[in-house]
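Written below as structure tokens is the structure these notes are about.
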Amino acid sequence: MPTERKLLSGDEAVAAAAVDAAVHLGTGYPGTPSTEILEAFGALGGWAQWAPNEKVALEVALGASFGGARTLVTMKHVGVNVAADPLFTAAYTGVTGGLVLVSADDPGMASSQNEQDNRHYARAAGVPMLEPSDSQEAYDLARTAWELSERFQLPVILRMTTRVCHGKSIVTRSAAESPRTPSFVRDIPGRVMVPAHARPAHLRLRKKLDELKAWGEASDLIVERPGGRALGVVSSGVTARHVREAVPDARLLELKLLHPLPIERIRTFARSVDRCFVLEEGDPYFADEIRAAGIAVEAKAPEYRFGEMSVDRVRRLLGLDTAPEPLPTKGKPPQLCDACPYHPVYSALQKLDCIVAGDIGCYSLGVMEPYRAMDTLVAMGASLGVGLGLRHVLPDAEARRVVSIIGDSTFVHTGVNGLIEMVYNPPKTGHVVIILDNGTTAMTGQQEHPGTGRTLGHDATGKFSLEGFARAAGVENVDVVDPVKDPAGFLSLLEGRLSKPELSVIVARRPCILAAADIRAWDRANAEKCGGCAGEA
Amino acid sequence: MGRVVNVVLAGLGGQGVIKASDILADAAFRDGRDVKKAEIHGMSQRGGSVTSDVRFGDEVLSPMIPRGEADFVVVCAASEVEVVRPLVREGGLLIPPDLVDVKLLSDRRSLNVALLGALSHHLDIQDESWIEAIRAALPPRLHEMNERAFRLGRSAAAAV
Ligand SMILES: Cc1ncc(C[n+]2csc(CCOP(=O)(O)OP(=O)(O)O)c2C)c(N)n1
Ligand code: SF4
């Protein structure tokens with residue numbers, strides 16, 4: 001019921017907007033704080049699927065959009081790095097059906113390896129970017145984003161942050177649209193980006209952005225909230241909410257369109273107040289561009305580039321509170337569950353004093369006491385390349401201790417490329433890769449992935465075989481073992497493999513204890529659904 | 001304008017802190033307030049500290065409670081009490097886990113809801129809103145047990 005008021009998270013609000021905007025297909029890769037969008041879209045009856053990684057997700061959405069369908073692509077901020085290659089050229093090709101990419105940024109790194117500010121991507125790729133400040137705006141701006149995407153024929157980034165994604169506030173939905181039927185209209189010069197087509201495409205992109213800028217300057221995506229002329233603040237997203245709370249009397253220019261920046265509106269606003277302050281979370285994205293346009297504004301001190309904004313910080317920045325910032329409360333860090341299947345693996349790595357090129361997932365917690373058995377963690381899939389690099393250059397005695405360790409979902413995401421590198425450029429001491437196959441993407445809340453053989457909605461589908469892939473790629477030794485059933489066997493297998501100058505993959509297979517019961521139930525249900533043929537595919 | 005009430009719920013992953021904050025936010029919403037809720041739930045399943053902010057009133061702006069401005073801090077784990085104490089405002093109230101005798105709970109996993117019961121003693125939210133929110137958040141087989149826990153918590157707070 002569209003007029004019903006509901007308490008929704010920002011993620012749920014985007015999913016509701018996707019349903020009401022008649023989005024045909026939603027795809028993405030899990031990543032905090034974006035994961036719940038596709039799950040909610042699927043639960044509301046939308047066509048939602050997990051891709052092996054963000055690049056593939058964007059490409060699938062782009063194809064669907066070329067076919068005239070509206071699409072949604074979701075990922076966390078670092079996911080956009082993976083999807084950046086198609087994104088930059090999709091800005092040239094443009095889209096037919098509206099394409100909205102949600103970039104869920106994580107200032108303060110509640111659950112991420114960096115706090116990159118993805119507002120830079122909008123400028124770098126030349127695509128429009130919108131930013132909501134609560135769930136209602138997440139809903140409304142998502143609806144606007146699909147309209148804008150079709151009107152200007154460009155992919156649109158909806159930039160959200162942890163507080164907006166996971167925060168809950170009241171949402172009223174608006175009227176739903178009816179879906180259209182996709183069909184293919186050939187446009188070779190518009191979509192085949194050979195240089196002869198790409199040169200005019202780049203000109204077209206800049207022209208679209210000029211038009212968009214002119215439209216944006218006058219649009220309701222720039223909201224001016226009245227206040228005295230003593231202080232004016234330019235802000236966006238949840239920070240604008242902090243500002244309204246901290247300085248209710250200030251005049252506020254709230255930007256919901258972050259790119260192209262409505263610089264003339266900002267200029268007029270800055271002139272209208274005695275003191276103009278730019279308050280933003282993360283990098284000085286607004287401040288730099290506004291100052292480059294010759295507008296004199298104050299901006300935050302460099303130490304506020306780190307971490308989240310808050311009402312307290314706004315008060316401090318405006319000089320209303322001069323006490324030094326208190327240290328954040330220090331709670332208990334997370335740790336591996338007591339019955340986690342990774343314990344015997346980390347215990348073996350510790351016993352053998354391995355040099356561990358690690359990766360990202362629940363298993364990153366192996367870096368904590370008592371194991372401290374991880375020496376590097378950089379980006380998803382990086383354990384393979386980093387492990388190989390170490391093997392190449394270290395003296396043999398050290399090189400032989402190097403192991404790459406990677407989760408099942410992470411292996412499918414971008415580990416496969418590293419495995420191909422291993423076969424193609426093998427270190428002379430060989431290499432050992434441990435794939436931790438716990439049958440789920442545990443870190444982000446137990447999502448399916450191609451290696452589980454179940455869809456986002458847990459139905460049976462084609463299953464990507466980790467060991468089959470390793471064998472087909474040409475890895476000499478491929479073992480599949482249960483480290484919990486036989487910890488001693490796991491230890492001696494690892495020791496044996498490390499002693500040989502060969503390429504080895506050990507798949508340590510044992511379900512995550514938090515997911516095990518669900519996995520059994522889904523498999524049982526799927527076997528019943530297809531009347532006993534489940535074992536065949 | 002009605003003052004905004006600020007409640008922080010705190011505990012360890014697996015204790016139902018987020019569930020409790022969902023129930024509180026929903027109860028306030030059902031009672032006709034503007035509500036905002038914010039939390040960090042990255043790796044909360046792995047036993048680390050979790051806190052969730054719930055704010056309600058006529059109009060809530062920021063979803064996060066400024067430090068030292070919480071009217072109530074409800075803590076589900078004894079080990080977290082000192083960690084979150086600085087969040088309470090002067091004259092505010094910290095509701096510790098031992099306010100409720102867990103031995104009286106049929107399942108200690110309902111401690112989160114029992115502490116909400118204790119909180120409810122101090123808040124002006126109607127009973128029906130609480131009960132509807134509890135029922136909406138939990139599967140039917142857990143309703144009775146949690147409603148009992150809620151009442152137990154409320155009487156414990158009333159007895160203090
Ligand atoms: C590019 C990118 N996308 C998504 C994420 C979020 N993320 C981190 S690890 C991970 C997957 C973990 O799954 P798996 O490898 O199966 O390990 P598990 O958590 O189950 O131990 C995800 C989705 C990320 N850090 N980087
Ligand atoms: S959630 Fe699963 S994978 Fe993660 S620590 Fe617990 S048992 Fe291990």
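Residues in the structure tokens are numbered from 1 in each chain, the chains being A, B, ... in the order shown, and ligands are numbered from 1 in the order shown.
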Give me, as a tab-separated table, each residue of chain A that comes within 8 Å of ligand 1, together with its shortest interatomic pair and the distance in Å at one decimal, counting only C-alpha atoms and all ligand atoms, with rows ordered by chain and rising residue number.
residue	atom	partner	partner_atom_place_in_ligand_line	distance
A:Tyr29	CA	ligand 1	4 (C)	6.4
A:Pro30	CA	ligand 1	23 (C)	4.6
A:Gly31	CA	ligand 1	6 (C)	3.8
A:Thr32	CA	ligand 1	6 (C)	6.2
A:Asn53	CA	ligand 1	3 (N)	7.1
A:Glu54	CA	ligand 1	3 (N)	7.0
A:Met75	CA	ligand 1	3 (N)	6.9
A:Lys76	CA	ligand 1	4 (C)	6.2
A:His77	CA	ligand 1	2 (C)	7.8
A:Val78	CA	ligand 1	1 (C)	4.8
A:Gly79	CA	ligand 1	1 (C)	3.8
A:Val80	CA	ligand 1	1 (C)	7.2
A:Asn81	CA	ligand 1	1 (C)	6.9
A:Val82	CA	ligand 1	1 (C)	5.9
A:Ser112	CA	ligand 1	25 (N)	6.0
A:Gln113	CA	ligand 1	25 (N)	6.6
A:Asp359	CA	ligand 1	9 (S)	7.7
A:Ile360	CA	ligand 1	9 (S)	4.2
A:Gly361	CA	ligand 1	19 (O)	3.6
A:Cys362	CA	ligand 1	21 (O)	3.8
A:Tyr363	CA	ligand 1	21 (O)	4.6
A:Ser364	CA	ligand 1	21 (O)	7.5
A:Ala379	CA	ligand 1	26 (N)	6.4
A:Met380	CA	ligand 1	26 (N)	5.3
A:Ile406	CA	ligand 1	15 (O)	6.2
A:Gly407	CA	ligand 1	15 (O)	3.2
A:Asp408	CA	ligand 1	16 (O)	4.3
A:Ser409	CA	ligand 1	16 (O)	3.6
A:Thr410	CA	ligand 1	15 (O)	3.7
A:Phe411	CA	ligand 1	15 (O)	6.4
A:Leu436	CA	ligand 1	21 (O)	7.1
A:Asp437	CA	ligand 1	16 (O)	6.8
A:Asn438	CA	ligand 1	20 (O)	5.9
A:Gly439	CA	ligand 1	16 (O)	7.1
A:Thr440	CA	ligand 1	20 (O)	5.2
A:Thr441	CA	ligand 1	13 (O)	3.8
A:Ala442	CA	ligand 1	20 (O)	3.6
A:Met443	CA	ligand 1	19 (O)	3.5
A:Thr444	CA	ligand 1	23 (C)	5.7
A:Gln446	CA	ligand 1	20 (O)	7.2
A:Cys512	CA	ligand 1	20 (O)	7.2
Exercise. Any idea what's packed within 10 Å of A:Pro107, counting only C-alpha atoms, ignoring anything in its chain fewer than 6 positions away? Could you give it as a list in words?
Worked result: His77, Asn114, Glu115, Gln116, Asp117, Thr161, Thr162, Arg163, Glu281, Gly282, Asp283, Arg305, Phe306, Gly307, Glu308 and Met309 of chain A
For this session: Give as an MDAnalysis selection string every residue of chain B that touches chain A within 10 Å, counting only C-alpha atoms.
Result: chainID B and resid 11:13 22 25:26 29:30 33:55 60:68 79:80 82:87
Just to be explicit: take each residue in the selection above, keep C-alpha atoms, and write the result as a compact mmCIF listing (two decimals), in the first residue's frame.
# COMPACT_ATOMS: atom_id res chain seq x y z
CA GLY B 11 25.70 -5.24 24.70
CA LEU B 12 27.63 -7.91 22.87
CA GLY B 13 26.95 -9.52 19.50
CA ASP B 22 14.09 -2.41 16.58
CA ALA B 25 11.87 2.18 17.66
CA ASP B 26 8.78 0.39 16.40
CA PHE B 29 6.61 4.74 15.91
CA ARG B 30 3.33 2.94 16.67
CA ARG B 33 6.33 9.71 17.36
CA ASP B 34 8.94 10.64 14.83
CA VAL B 35 11.72 8.07 15.23
CA LYS B 36 15.28 7.61 14.09
CA LYS B 37 17.54 4.72 14.88
CA ALA B 38 21.20 4.24 14.07
CA GLU B 39 23.69 1.53 14.74
CA ILE B 40 26.84 -0.10 13.56
CA HIS B 41 26.29 -3.74 12.80
CA GLY B 42 29.32 -4.82 10.85
CA MET B 43 30.72 -7.87 12.55
CA SER B 44 28.25 -7.86 15.43
CA GLN B 45 27.54 -11.57 15.09
CA ARG B 46 31.05 -12.38 16.21
CA GLY B 47 30.61 -11.37 19.84
CA GLY B 48 32.02 -7.84 19.67
CA SER B 49 30.49 -4.76 21.33
CA VAL B 50 27.29 -3.46 19.79
CA THR B 51 25.45 -0.23 20.47
CA SER B 52 22.31 1.11 18.88
CA ASP B 53 20.87 4.62 19.22
CA VAL B 54 17.10 5.18 19.24
CA ARG B 55 15.71 8.72 19.30
CA VAL B 60 14.26 13.90 15.17
CA LEU B 61 17.09 15.29 13.02
CA SER B 62 20.41 13.45 13.46
CA PRO B 63 20.05 9.68 13.90
CA MET B 64 22.99 9.61 16.32
CA ILE B 65 22.85 10.61 19.97
CA PRO B 66 25.53 13.15 20.86
CA ARG B 67 27.95 11.75 23.40
CA GLY B 68 26.86 12.31 26.96
CA SER B 79 31.27 -6.23 30.80
CA GLU B 80 29.92 -3.29 28.77
CA GLU B 82 31.66 0.86 32.27
CA VAL B 83 32.38 1.12 28.55
CA VAL B 84 29.10 2.87 27.82
CA ARG B 85 28.68 4.84 31.05
CA PRO B 86 30.13 8.06 29.49
CA LEU B 87 27.19 8.09 27.07
Exercise. Hey, what's within 10 Å of stretch 95-107 of chain B if we count only C-alpha atoms and toss same-chain stuff fewer than 3 positions away? As a PyMOL selection string, please?
Worked result: chain B and resi 9-11+72-81+92+110-112+114-119+145-146+148-150+152-157+160
Problem set entry | strand (DSSP E) positions in stretch 112-239 of chain A, given as a list in words |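 These are the residues in question: Met129, Leu130, Val156, Ile157, Leu158, Arg159, Met160, Thr161, Lys168, Ser169, Ile170, Val171, Thr172, Ile222, Val223, Glu224, Arg225, Gly228, Arg229, Ala230, Leu231, Gly232, Val233, Val234, Ser235 and Ser236 of chain A.
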For this session: For atom CA of A:Ala397 and atom CA of A:Val481, determine how far apart the two atoms are, in Å to one decimal place.
Result: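 Going from atom CA of A:Ala397 over to atom CA of A:Val481 covers 26.7 Å.
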Exercise. Excluding same-chain residues fewer than 6 positions from A:Ala15, what lies within 7 Å of it counting only C-alpha atoms, as a PyMOL selection string?
Worked result: chain A and resi 37-38+40-41
Just-selected residues, C-alpha atoms written as a PDB file, in the first residue's frame:
ATOM      1  CA  ILE A  37      19.156  -3.720  -0.328  1.00  0.00           C
ATOM      2  CA  LEU A  38      19.091  -6.703  -2.669  1.00  0.00           C
ATOM      3  CA  ALA A  40      14.947  -6.718   0.747  1.00  0.00           C
ATOM      4  CA  PHE A  41      14.277  -6.253  -2.979  1.00  0.00           C
TER       5      PHE A  41
END
Problem set entry | Nearest to ligand 2 by atom-to-atom distance, counting only C-alpha atoms and all ligand atoms, from B:Gly91, B:Val4, B:Trp130, B:Gly14 |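 Of all the options, B:Gly14 lies closest to ligand 2.
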Exercise. From the list B:Arg109, B:Val88, B:Glu147, B:Phe56, which residue is nearest B:Glu132 when using only C-alpha atoms?
Worked result: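 Among B:Arg109, B:Val88, B:Glu147, B:Phe56, it is B:Glu147 that comes nearest to B:Glu132.
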For this session: May I have the residues within 10 Å of B:Asp124 as a PyMOL selection string, using only C-alpha atoms and disregarding those fewer than 4 positions away in the same chain?
Result: chain B and resi 28+31+120
Using all heavy atoms, can you write the selected residues to a file as a PDB file, in the first residue's frame?
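Done, and the output landed in part.pdb:
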ATOM      1  N   ALA B  28       7.748   3.192  19.610  1.00  0.00           N
ATOM      2  CA  ALA B  28       7.622   4.653  19.581  1.00  0.00           C
ATOM      3  C   ALA B  28       6.917   5.103  18.301  1.00  0.00           C
ATOM      4  O   ALA B  28       6.084   6.011  18.311  1.00  0.00           O
ATOM      5  CB  ALA B  28       9.002   5.298  19.694  1.00  0.00           C
ATOM      6  N   ASP B  31       3.350   4.525  18.476  1.00  0.00           N
ATOM      7  CA  ASP B  31       2.779   5.491  19.401  1.00  0.00           C
ATOM      8  C   ASP B  31       2.662   6.884  18.766  1.00  0.00           C
ATOM      9  O   ASP B  31       2.285   7.840  19.435  1.00  0.00           O
ATOM     10  CB  ASP B  31       3.677   5.564  20.644  1.00  0.00           C
ATOM     11  CG  ASP B  31       2.864   5.476  21.923  1.00  0.00           C
ATOM     12  OD1 ASP B  31       1.969   4.600  21.991  1.00  0.00           O
ATOM     13  OD2 ASP B  31       3.107   6.274  22.831  1.00  0.00           O
ATOM     14  N   SER B 120      10.629   0.561  29.852  1.00  0.00           N
ATOM     15  CA  SER B 120       9.253   1.016  29.585  1.00  0.00           C
ATOM     16  C   SER B 120       8.641   1.683  30.809  1.00  0.00           C
ATOM     17  O   SER B 120       7.778   2.551  30.687  1.00  0.00           O
ATOM     18  CB  SER B 120       8.377  -0.151  29.135  1.00  0.00           C
ATOM     19  OG  SER B 120       8.038  -0.971  30.245  1.00  0.00           O
TER      20      SER B 120
END
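Closest approach to ligand 2 from the set A:Arg291, A:Arg204, A:Arg510, A:Lys529 is made by A:Arg510, with distances taken over only C-alpha atoms and all ligand atoms.
From atom CA of A:Gly489 back to atom CA of A:Leu503, the distance works out to 19.2 Å.
When the distance limit is 6 Å and only C-alpha atoms are what count, the residues near stretch 94-106 of chain A, minus those fewer than 4 positions from it on the same chain, are Ser34, Ser65, Phe66, Gly68, Ala69, Arg70, Thr71, Leu72, Val73, Thr74, Met75, Lys76, His77, Ala90, Glu115, Trp146, Ser149, Glu150, Gln153, Leu154, Pro155, Val156, Ile157, Leu158, Arg159, Met160, Thr161 and Thr162 of chain A.
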Skipping near chain neighbours, those fewer than 4 positions away, what residues fall within 7 Å of B:Arg89 using only C-alpha atoms, listed as a compact mmCIF listing (two decimals) with C-alpha atoms, in the first residue's frame?
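Output file selection-v5.txt follows:
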# COMPACT_ATOMS: atom_id res chain seq x y z
CA GLY B 68 26.86 12.31 26.96
CA GLU B 69 23.28 13.17 25.95
CA ALA B 70 21.56 9.79 26.37
CA ASP B 71 18.57 9.92 28.69
For this session: Please identify which residues in stretch 271-454 of chain A DSSP calls helix (DSSP H, G or I) from the backbone, and express them as a ChimeraX atom specification.
Result: /A:271,285-292,302-305,311-317,343-351,362-367,382-393,396-399,408-424,450-452
